[in-house]
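*Asks:* Input input.txt, format and content: compact mmCIF, N, CA and C atoms.
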```txt
# COMPACT_ATOMS: atom_id res chain seq x y z
N MET A 1 -4.97 -7.05 24.86
CA MET A 1 -5.82 -6.93 23.69
C MET A 1 -5.17 -5.97 22.70
N ASN A 2 -5.00 -6.41 21.48
CA ASN A 2 -4.39 -5.59 20.44
C ASN A 2 -5.42 -4.69 19.77
N ALA A 3 -4.98 -3.52 19.39
CA ALA A 3 -5.84 -2.62 18.62
C ALA A 3 -5.85 -3.08 17.18
N ALA A 4 -6.84 -2.64 16.43
CA ALA A 4 -6.96 -3.04 15.03
C ALA A 4 -7.08 -1.81 14.15
N ILE A 5 -6.42 -1.87 12.99
CA ILE A 5 -6.51 -0.79 12.01
C ILE A 5 -7.89 -0.80 11.36
N ASP A 6 -8.28 -1.97 10.90
CA ASP A 6 -9.56 -2.14 10.23
C ASP A 6 -10.40 -3.06 11.09
N LYS A 7 -11.37 -2.50 11.79
CA LYS A 7 -12.16 -3.28 12.75
C LYS A 7 -12.93 -4.42 12.06
N GLU A 8 -13.40 -4.18 10.83
CA GLU A 8 -14.17 -5.21 10.14
C GLU A 8 -13.30 -6.42 9.78
N LYS A 9 -12.07 -6.17 9.36
CA LYS A 9 -11.17 -7.26 8.98
C LYS A 9 -10.28 -7.70 10.13
N ASN A 10 -10.33 -6.97 11.25
CA ASN A 10 -9.55 -7.29 12.43
C ASN A 10 -8.05 -7.33 12.13
N ILE A 11 -7.53 -6.30 11.46
CA ILE A 11 -6.12 -6.24 11.12
C ILE A 11 -5.36 -5.67 12.31
N ASP A 12 -4.42 -6.45 12.81
CA ASP A 12 -3.63 -6.10 13.99
C ASP A 12 -2.73 -4.90 13.71
N ILE A 13 -2.79 -3.90 14.57
CA ILE A 13 -2.01 -2.67 14.38
C ILE A 13 -0.51 -2.91 14.56
N ASP A 14 -0.10 -4.01 15.17
CA ASP A 14 1.31 -4.30 15.40
C ASP A 14 1.97 -5.10 14.29
N ASP A 15 1.19 -5.64 13.36
CA ASP A 15 1.77 -6.48 12.30
C ASP A 15 0.81 -6.55 11.12
N TYR A 16 1.09 -5.77 10.08
CA TYR A 16 0.21 -5.75 8.91
C TYR A 16 0.99 -5.33 7.67
N PHE A 17 0.36 -5.46 6.54
CA PHE A 17 0.92 -5.02 5.27
C PHE A 17 0.05 -3.91 4.72
N LEU A 18 0.68 -2.97 4.03
CA LEU A 18 -0.11 -1.95 3.36
C LEU A 18 0.39 -1.78 1.94
N LEU A 19 -0.56 -1.52 1.08
CA LEU A 19 -0.26 -1.24 -0.32
C LEU A 19 -0.56 0.23 -0.54
N ALA A 20 0.47 0.98 -0.94
CA ALA A 20 0.33 2.41 -1.18
C ALA A 20 0.41 2.67 -2.68
N GLY A 21 -0.57 3.41 -3.21
CA GLY A 21 -0.59 3.74 -4.63
C GLY A 21 -0.74 5.24 -4.81
N ARG A 22 0.00 5.78 -5.77
CA ARG A 22 -0.08 7.21 -6.06
C ARG A 22 0.27 7.43 -7.52
N ASN A 23 -0.16 8.56 -8.07
CA ASN A 23 0.18 8.89 -9.45
C ASN A 23 1.69 8.97 -9.61
N TRP A 24 2.20 8.39 -10.70
CA TRP A 24 3.62 8.43 -10.99
C TRP A 24 3.96 9.72 -11.73
N ASN A 25 4.97 10.40 -11.23
CA ASN A 25 5.50 11.59 -11.88
C ASN A 25 7.01 11.47 -11.84
N GLY A 26 7.64 11.35 -12.99
CA GLY A 26 9.08 11.16 -13.08
C GLY A 26 9.89 12.30 -12.49
N GLN A 27 9.28 13.48 -12.32
CA GLN A 27 9.98 14.63 -11.76
C GLN A 27 9.98 14.65 -10.24
N THR A 28 9.12 13.83 -9.62
CA THR A 28 9.05 13.79 -8.17
C THR A 28 10.26 13.05 -7.62
N GLU A 29 10.88 13.61 -6.63
CA GLU A 29 12.09 13.00 -6.07
C GLU A 29 11.81 12.14 -4.85
N ASP A 30 10.75 12.43 -4.10
CA ASP A 30 10.49 11.70 -2.87
C ASP A 30 9.16 10.96 -2.94
N TYR A 31 9.25 9.65 -3.07
CA TYR A 31 8.04 8.82 -3.07
C TYR A 31 7.93 8.02 -1.77
N THR A 32 8.61 8.45 -0.74
CA THR A 32 8.59 7.69 0.50
C THR A 32 7.45 8.09 1.42
N ALA A 33 6.87 9.26 1.21
CA ALA A 33 5.81 9.74 2.10
C ALA A 33 4.48 9.05 1.76
N ILE A 34 4.05 8.15 2.61
CA ILE A 34 2.78 7.46 2.36
C ILE A 34 1.63 8.15 3.08
N GLY A 35 1.92 9.13 3.90
CA GLY A 35 0.86 9.79 4.66
C GLY A 35 0.26 11.00 3.98
N ASP A 36 0.71 11.33 2.78
CA ASP A 36 0.15 12.53 2.15
C ASP A 36 -1.18 12.22 1.48
N SER A 37 -1.92 13.26 1.15
CA SER A 37 -3.29 13.11 0.65
C SER A 37 -3.36 12.49 -0.75
N SER A 38 -2.27 12.51 -1.50
CA SER A 38 -2.30 11.95 -2.86
C SER A 38 -2.07 10.45 -2.89
N THR A 39 -1.80 9.86 -1.74
CA THR A 39 -1.54 8.42 -1.66
C THR A 39 -2.78 7.67 -1.20
N SER A 40 -3.14 6.64 -1.97
CA SER A 40 -4.25 5.74 -1.59
C SER A 40 -3.63 4.53 -0.89
N ILE A 41 -4.26 4.09 0.19
CA ILE A 41 -3.71 2.99 0.99
C ILE A 41 -4.76 1.92 1.20
N LYS A 42 -4.33 0.68 1.08
CA LYS A 42 -5.16 -0.50 1.38
C LYS A 42 -4.40 -1.36 2.37
N TYR A 43 -5.05 -1.83 3.42
CA TYR A 43 -4.42 -2.62 4.47
C TYR A 43 -4.72 -4.10 4.29
N PHE A 44 -3.74 -4.96 4.65
CA PHE A 44 -3.88 -6.41 4.56
C PHE A 44 -3.34 -7.04 5.84
N ASP A 45 -3.94 -8.16 6.23
CA ASP A 45 -3.45 -8.86 7.42
C ASP A 45 -2.48 -9.99 7.09
N ASN A 46 -2.28 -10.27 5.78
CA ASN A 46 -1.33 -11.33 5.43
C ASN A 46 -0.61 -10.99 4.13
N TYR A 47 0.57 -11.56 3.98
CA TYR A 47 1.41 -11.26 2.82
C TYR A 47 0.83 -11.77 1.52
N VAL A 48 0.25 -12.93 1.53
CA VAL A 48 -0.25 -13.56 0.30
C VAL A 48 -1.26 -12.66 -0.40
N ASP A 49 -2.25 -12.17 0.31
CA ASP A 49 -3.26 -11.29 -0.30
C ASP A 49 -2.65 -9.97 -0.76
N ALA A 50 -1.76 -9.42 0.06
CA ALA A 50 -1.12 -8.14 -0.28
C ALA A 50 -0.26 -8.29 -1.53
N GLU A 51 0.53 -9.34 -1.61
CA GLU A 51 1.41 -9.55 -2.76
C GLU A 51 0.62 -9.85 -4.02
N ARG A 52 -0.45 -10.60 -3.91
CA ARG A 52 -1.30 -10.90 -5.07
C ARG A 52 -1.91 -9.61 -5.64
N THR A 53 -2.40 -8.75 -4.77
CA THR A 53 -2.97 -7.48 -5.20
C THR A 53 -1.89 -6.61 -5.84
N PHE A 54 -0.70 -6.59 -5.25
CA PHE A 54 0.43 -5.83 -5.80
C PHE A 54 0.77 -6.32 -7.21
N GLN A 55 0.88 -7.63 -7.39
CA GLN A 55 1.25 -8.19 -8.69
C GLN A 55 0.17 -7.96 -9.75
N ASN A 56 -1.08 -7.86 -9.34
CA ASN A 56 -2.17 -7.60 -10.29
C ASN A 56 -2.31 -6.13 -10.64
N GLY A 57 -1.44 -5.28 -10.13
CA GLY A 57 -1.46 -3.86 -10.46
C GLY A 57 -2.32 -3.02 -9.56
N ALA A 58 -3.04 -3.63 -8.64
CA ALA A 58 -3.84 -2.94 -7.62
C ALA A 58 -4.98 -2.09 -8.16
N ILE A 59 -5.32 -2.21 -9.43
CA ILE A 59 -6.42 -1.41 -9.98
C ILE A 59 -7.75 -1.76 -9.32
N SER A 60 -7.92 -3.01 -8.91
CA SER A 60 -9.17 -3.40 -8.27
C SER A 60 -9.39 -2.71 -6.93
N VAL A 61 -8.30 -2.36 -6.22
CA VAL A 61 -8.45 -1.70 -4.92
C VAL A 61 -8.26 -0.18 -5.00
N PHE A 62 -7.72 0.30 -6.11
CA PHE A 62 -7.55 1.73 -6.32
C PHE A 62 -8.20 2.16 -7.63
N PRO A 63 -9.51 2.07 -7.75
CA PRO A 63 -10.16 2.41 -9.02
C PRO A 63 -9.95 3.87 -9.43
N GLU A 64 -9.69 4.74 -8.47
CA GLU A 64 -9.47 6.15 -8.78
C GLU A 64 -8.16 6.37 -9.56
N LEU A 65 -7.27 5.38 -9.56
CA LEU A 65 -5.99 5.50 -10.27
C LEU A 65 -6.01 4.81 -11.64
N LYS A 66 -7.15 4.23 -12.01
CA LYS A 66 -7.26 3.52 -13.28
C LYS A 66 -6.97 4.46 -14.46
N GLY A 67 -6.18 3.98 -15.41
CA GLY A 67 -5.84 4.75 -16.59
C GLY A 67 -4.67 5.69 -16.40
N LYS A 68 -4.05 5.67 -15.22
CA LYS A 68 -2.91 6.53 -14.93
C LYS A 68 -1.67 5.67 -14.68
N ASP A 69 -0.51 6.27 -14.85
CA ASP A 69 0.73 5.61 -14.44
C ASP A 69 0.81 5.75 -12.92
N ILE A 70 0.99 4.61 -12.22
CA ILE A 70 1.00 4.67 -10.76
C ILE A 70 2.25 4.02 -10.18
N LYS A 71 2.63 4.51 -9.02
CA LYS A 71 3.73 3.95 -8.24
C LYS A 71 3.10 3.14 -7.13
N LEU A 72 3.47 1.86 -7.05
CA LEU A 72 2.95 0.98 -6.01
C LEU A 72 4.06 0.58 -5.06
N ASP A 73 3.79 0.62 -3.78
CA ASP A 73 4.72 0.16 -2.76
C ASP A 73 3.99 -0.81 -1.85
N LEU A 74 4.58 -1.98 -1.64
CA LEU A 74 4.07 -2.94 -0.67
C LEU A 74 4.98 -2.84 0.55
N ILE A 75 4.39 -2.51 1.68
CA ILE A 75 5.16 -2.23 2.89
C ILE A 75 4.67 -3.12 4.03
N HIS A 76 5.62 -3.71 4.76
CA HIS A 76 5.29 -4.48 5.95
C HIS A 76 5.51 -3.58 7.15
N VAL A 77 4.51 -3.45 8.00
CA VAL A 77 4.61 -2.62 9.20
C VAL A 77 4.55 -3.56 10.40
N ARG A 78 5.61 -3.55 11.17
CA ARG A 78 5.69 -4.39 12.37
C ARG A 78 6.12 -3.50 13.52
N TYR A 79 5.26 -3.39 14.53
CA TYR A 79 5.51 -2.56 15.70
C TYR A 79 5.92 -1.14 15.31
N GLY A 80 5.21 -0.58 14.33
CA GLY A 80 5.42 0.80 13.93
C GLY A 80 6.60 1.06 13.01
N ILE A 81 7.32 0.03 12.62
CA ILE A 81 8.48 0.19 11.74
C ILE A 81 8.10 -0.27 10.33
N ASN A 82 8.21 0.65 9.36
CA ASN A 82 7.89 0.35 7.96
C ASN A 82 9.08 -0.29 7.27
N ARG A 83 8.81 -1.40 6.55
CA ARG A 83 9.85 -2.06 5.76
C ARG A 83 9.31 -2.24 4.34
N LEU A 84 9.99 -1.63 3.39
CA LEU A 84 9.59 -1.75 1.99
C LEU A 84 9.85 -3.18 1.53
N VAL A 85 8.82 -3.84 1.00
CA VAL A 85 8.93 -5.21 0.53
C VAL A 85 9.05 -5.24 -0.99
N LEU A 86 8.15 -4.58 -1.68
CA LEU A 86 8.14 -4.52 -3.13
C LEU A 86 7.76 -3.13 -3.59
N SER A 87 8.28 -2.74 -4.76
CA SER A 87 7.96 -1.44 -5.31
C SER A 87 8.02 -1.54 -6.83
N ARG A 88 7.09 -0.86 -7.52
CA ARG A 88 7.10 -0.87 -8.97
C ARG A 88 6.24 0.26 -9.52
N ILE A 89 6.45 0.54 -10.81
CA ILE A 89 5.65 1.50 -11.54
C ILE A 89 4.74 0.70 -12.46
N VAL A 90 3.46 1.02 -12.47
CA VAL A 90 2.49 0.33 -13.32
C VAL A 90 2.03 1.32 -14.38
N PHE A 91 2.23 0.96 -15.65
CA PHE A 91 1.84 1.83 -16.76
C PHE A 91 0.55 1.38 -17.36
```
Starting from the file, give its structure as structure tokens.
*Replies:*
Amino acid sequence: MNAAIDKEKNIDIDDYFLLAGRNWNGQTEDYTAIGDSSTSIKYFDNYVDAERTFQNGAISVFPELKGKDIKLDLIHVRYGINRLVLSRIVF
């Protein structure tokens, strides 16, 4: 039996996508830390939904970032290994 990140959506902890959003600051050198408190995260169980949300700017899932320049990263996590799929700055 696999564990789930989101019990309501039944997202498998061994294979999922996450969308990480944070305020963009051109002076910041390290945007790889997704575990810090300034990063908002949304989990997805399939690529299609995750990529669609990424392409739409993710404002619908991160309303707290509305009106700000944000850095978005779409990451595939498989067996605990993070793989960056897409990344962009939304103005």
*Asks:* List as a ChimeraX atom specification the protein and nucleic acid residues near Phe54 in chain A, meaning an atom at most 10 Å away when only C-alpha atoms are counted, but skip any in the same chain fewer than 4 places from it.
*Replies:* /A:18-21,48-50,58-59,61,72-74,86-88,90
*Asks:* Could you save the residues just selected, with N, CA and C atoms, as a PDB file, in the frame of the given file?
*Replies:*
```
ATOM      1  N   LEU A  18       0.680  -2.970   4.030  1.00  0.00           N
ATOM      2  CA  LEU A  18      -0.110  -1.950   3.360  1.00  0.00           C
ATOM      3  C   LEU A  18       0.390  -1.780   1.940  1.00  0.00           C
ATOM      4  N   LEU A  19      -0.560  -1.520   1.080  1.00  0.00           N
ATOM      5  CA  LEU A  19      -0.260  -1.240  -0.320  1.00  0.00           C
ATOM      6  C   LEU A  19      -0.560   0.230  -0.540  1.00  0.00           C
ATOM      7  N   ALA A  20       0.470   0.980  -0.940  1.00  0.00           N
ATOM      8  CA  ALA A  20       0.330   2.410  -1.180  1.00  0.00           C
ATOM      9  C   ALA A  20       0.410   2.670  -2.680  1.00  0.00           C
ATOM     10  N   GLY A  21      -0.570   3.410  -3.210  1.00  0.00           N
ATOM     11  CA  GLY A  21      -0.590   3.740  -4.630  1.00  0.00           C
ATOM     12  C   GLY A  21      -0.740   5.240  -4.810  1.00  0.00           C
ATOM     13  N   VAL A  48       0.250 -12.930   1.530  1.00  0.00           N
ATOM     14  CA  VAL A  48      -0.250 -13.560   0.300  1.00  0.00           C
ATOM     15  C   VAL A  48      -1.260 -12.660  -0.400  1.00  0.00           C
ATOM     16  N   ASP A  49      -2.250 -12.170   0.310  1.00  0.00           N
ATOM     17  CA  ASP A  49      -3.260 -11.290  -0.300  1.00  0.00           C
ATOM     18  C   ASP A  49      -2.650  -9.970  -0.760  1.00  0.00           C
ATOM     19  N   ALA A  50      -1.760  -9.420   0.060  1.00  0.00           N
ATOM     20  CA  ALA A  50      -1.120  -8.140  -0.280  1.00  0.00           C
ATOM     21  C   ALA A  50      -0.260  -8.290  -1.530  1.00  0.00           C
ATOM     22  N   ALA A  58      -3.040  -3.630  -8.640  1.00  0.00           N
ATOM     23  CA  ALA A  58      -3.840  -2.940  -7.620  1.00  0.00           C
ATOM     24  C   ALA A  58      -4.980  -2.090  -8.160  1.00  0.00           C
ATOM     25  N   ILE A  59      -5.320  -2.210  -9.430  1.00  0.00           N
ATOM     26  CA  ILE A  59      -6.420  -1.410  -9.980  1.00  0.00           C
ATOM     27  C   ILE A  59      -7.750  -1.760  -9.320  1.00  0.00           C
ATOM     28  N   VAL A  61      -8.300  -2.360  -6.220  1.00  0.00           N
ATOM     29  CA  VAL A  61      -8.450  -1.700  -4.920  1.00  0.00           C
ATOM     30  C   VAL A  61      -8.260  -0.180  -5.000  1.00  0.00           C
ATOM     31  N   LEU A  72       3.470   1.860  -7.050  1.00  0.00           N
ATOM     32  CA  LEU A  72       2.950   0.980  -6.010  1.00  0.00           C
ATOM     33  C   LEU A  72       4.060   0.580  -5.060  1.00  0.00           C
ATOM     34  N   ASP A  73       3.790   0.620  -3.780  1.00  0.00           N
ATOM     35  CA  ASP A  73       4.720   0.160  -2.760  1.00  0.00           C
ATOM     36  C   ASP A  73       3.990  -0.810  -1.850  1.00  0.00           C
ATOM     37  N   LEU A  74       4.580  -1.980  -1.640  1.00  0.00           N
ATOM     38  CA  LEU A  74       4.070  -2.940  -0.670  1.00  0.00           C
ATOM     39  C   LEU A  74       4.980  -2.840   0.550  1.00  0.00           C
ATOM     40  N   LEU A  86       8.150  -4.580  -1.680  1.00  0.00           N
ATOM     41  CA  LEU A  86       8.140  -4.520  -3.130  1.00  0.00           C
ATOM     42  C   LEU A  86       7.760  -3.130  -3.590  1.00  0.00           C
ATOM     43  N   SER A  87       8.280  -2.740  -4.760  1.00  0.00           N
ATOM     44  CA  SER A  87       7.960  -1.440  -5.310  1.00  0.00           C
ATOM     45  C   SER A  87       8.020  -1.540  -6.830  1.00  0.00           C
ATOM     46  N   ARG A  88       7.090  -0.860  -7.520  1.00  0.00           N
ATOM     47  CA  ARG A  88       7.100  -0.870  -8.970  1.00  0.00           C
ATOM     48  C   ARG A  88       6.240   0.260  -9.520  1.00  0.00           C
ATOM     49  N   VAL A  90       3.460   1.020 -12.470  1.00  0.00           N
ATOM     50  CA  VAL A  90       2.490   0.330 -13.320  1.00  0.00           C
ATOM     51  C   VAL A  90       2.030   1.320 -14.380  1.00  0.00           C
TER      52      VAL A  90
END
```
*Asks:* One number please: CA of Phe17 in chain A to atom N of Asn46 in chain A, in Å, one decimal.
*Replies:*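 These two atoms are separated by 6.2 Å.
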*Asks:* Got a sec to tell me which of chain A DSSP assigns to helix (DSSP H, G or I), as a list of chain:residue names?
*Replies:*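 DSSP on the backbone gives helix (DSSP H, G or I) at A:Tyr47, A:Val48, A:Asp49, A:Ala50, A:Glu51, A:Arg52, A:Thr53, A:Phe54, A:Gln55, A:Pro63, A:Glu64, A:Leu65.
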*Asks:* With distances taken over only N, CA and C atoms, which of A:Arg83, A:Arg52, A:Asp69, A:Asp36 is nearest to Trp24 in chain A?
*Replies:*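 Of the candidates, the smallest distance to Trp24 in chain A is held by A:Asp69.
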*Asks:* Rank nothing, just name the residue among A:Lys66, A:Asp14, A:Asn56, A:Ser40 nearest to Ile81 in chain A, using all atoms listed in the file.
*Replies:*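 Answer, going by the shortest atom-to-atom distance: A:Asp14.
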*Asks:* Please indicate the distance in Å from atom N of Tyr16 in chain A to CA of Tyr79 in chain A, rounded to one decimal place.
*Replies:*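 Straight-line distance from atom N of Tyr16 in chain A to CA of Tyr79 in chain A works out to 7.8 Å.
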*Asks:* Tell me which of A:Tyr43, A:Gln27, A:Phe91, A:Asn10 sits closest to Ile70 in chain A, counting all atoms listed in the file.
*Replies:*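 Residue with the minimum atom-to-atom distance to Ile70 in chain A: A:Phe91.
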*Asks:* What are the DSSP strand (DSSP E) residues of chain A, as a PyMOL selection string?
*Replies:* chain A and resi 15-23+40-44+70-78+81-90
*Asks:* Report the centre and edge lengths, in Å to one decimal, of an axis-aligned box enclosing every atom of range 10-17 of chain A listed in the file, padded by 5 Å on each side, as JSON.
*Replies:*
```
{"center_x": -4.2, "center_y": -5.0, "center_z": 10.1, "size_x": 22.3, "size_y": 14.7, "size_z": 20.7}
```
*Asks:* State, in Å with one decimal place, the distance from CA of Leu65 in chain A to atom N of Gly80 in chain A.
*Replies:*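 A separation of 27.7 Å between them.
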*Asks:* Taking all atoms listed in the file into account, name the residue in A:Leu84, A:Gly67, A:Ile89, A:Phe62 that is nearest to Lys42 in chain A.
*Replies:* A:Phe62
*Asks:* In terms of the shortest atom-to-atom distance over only C-alpha atoms, which of A:His76, A:Val85, A:Pro63, A:Lys71 is closest to Asp45 in chain A?
*Replies:* A:His76
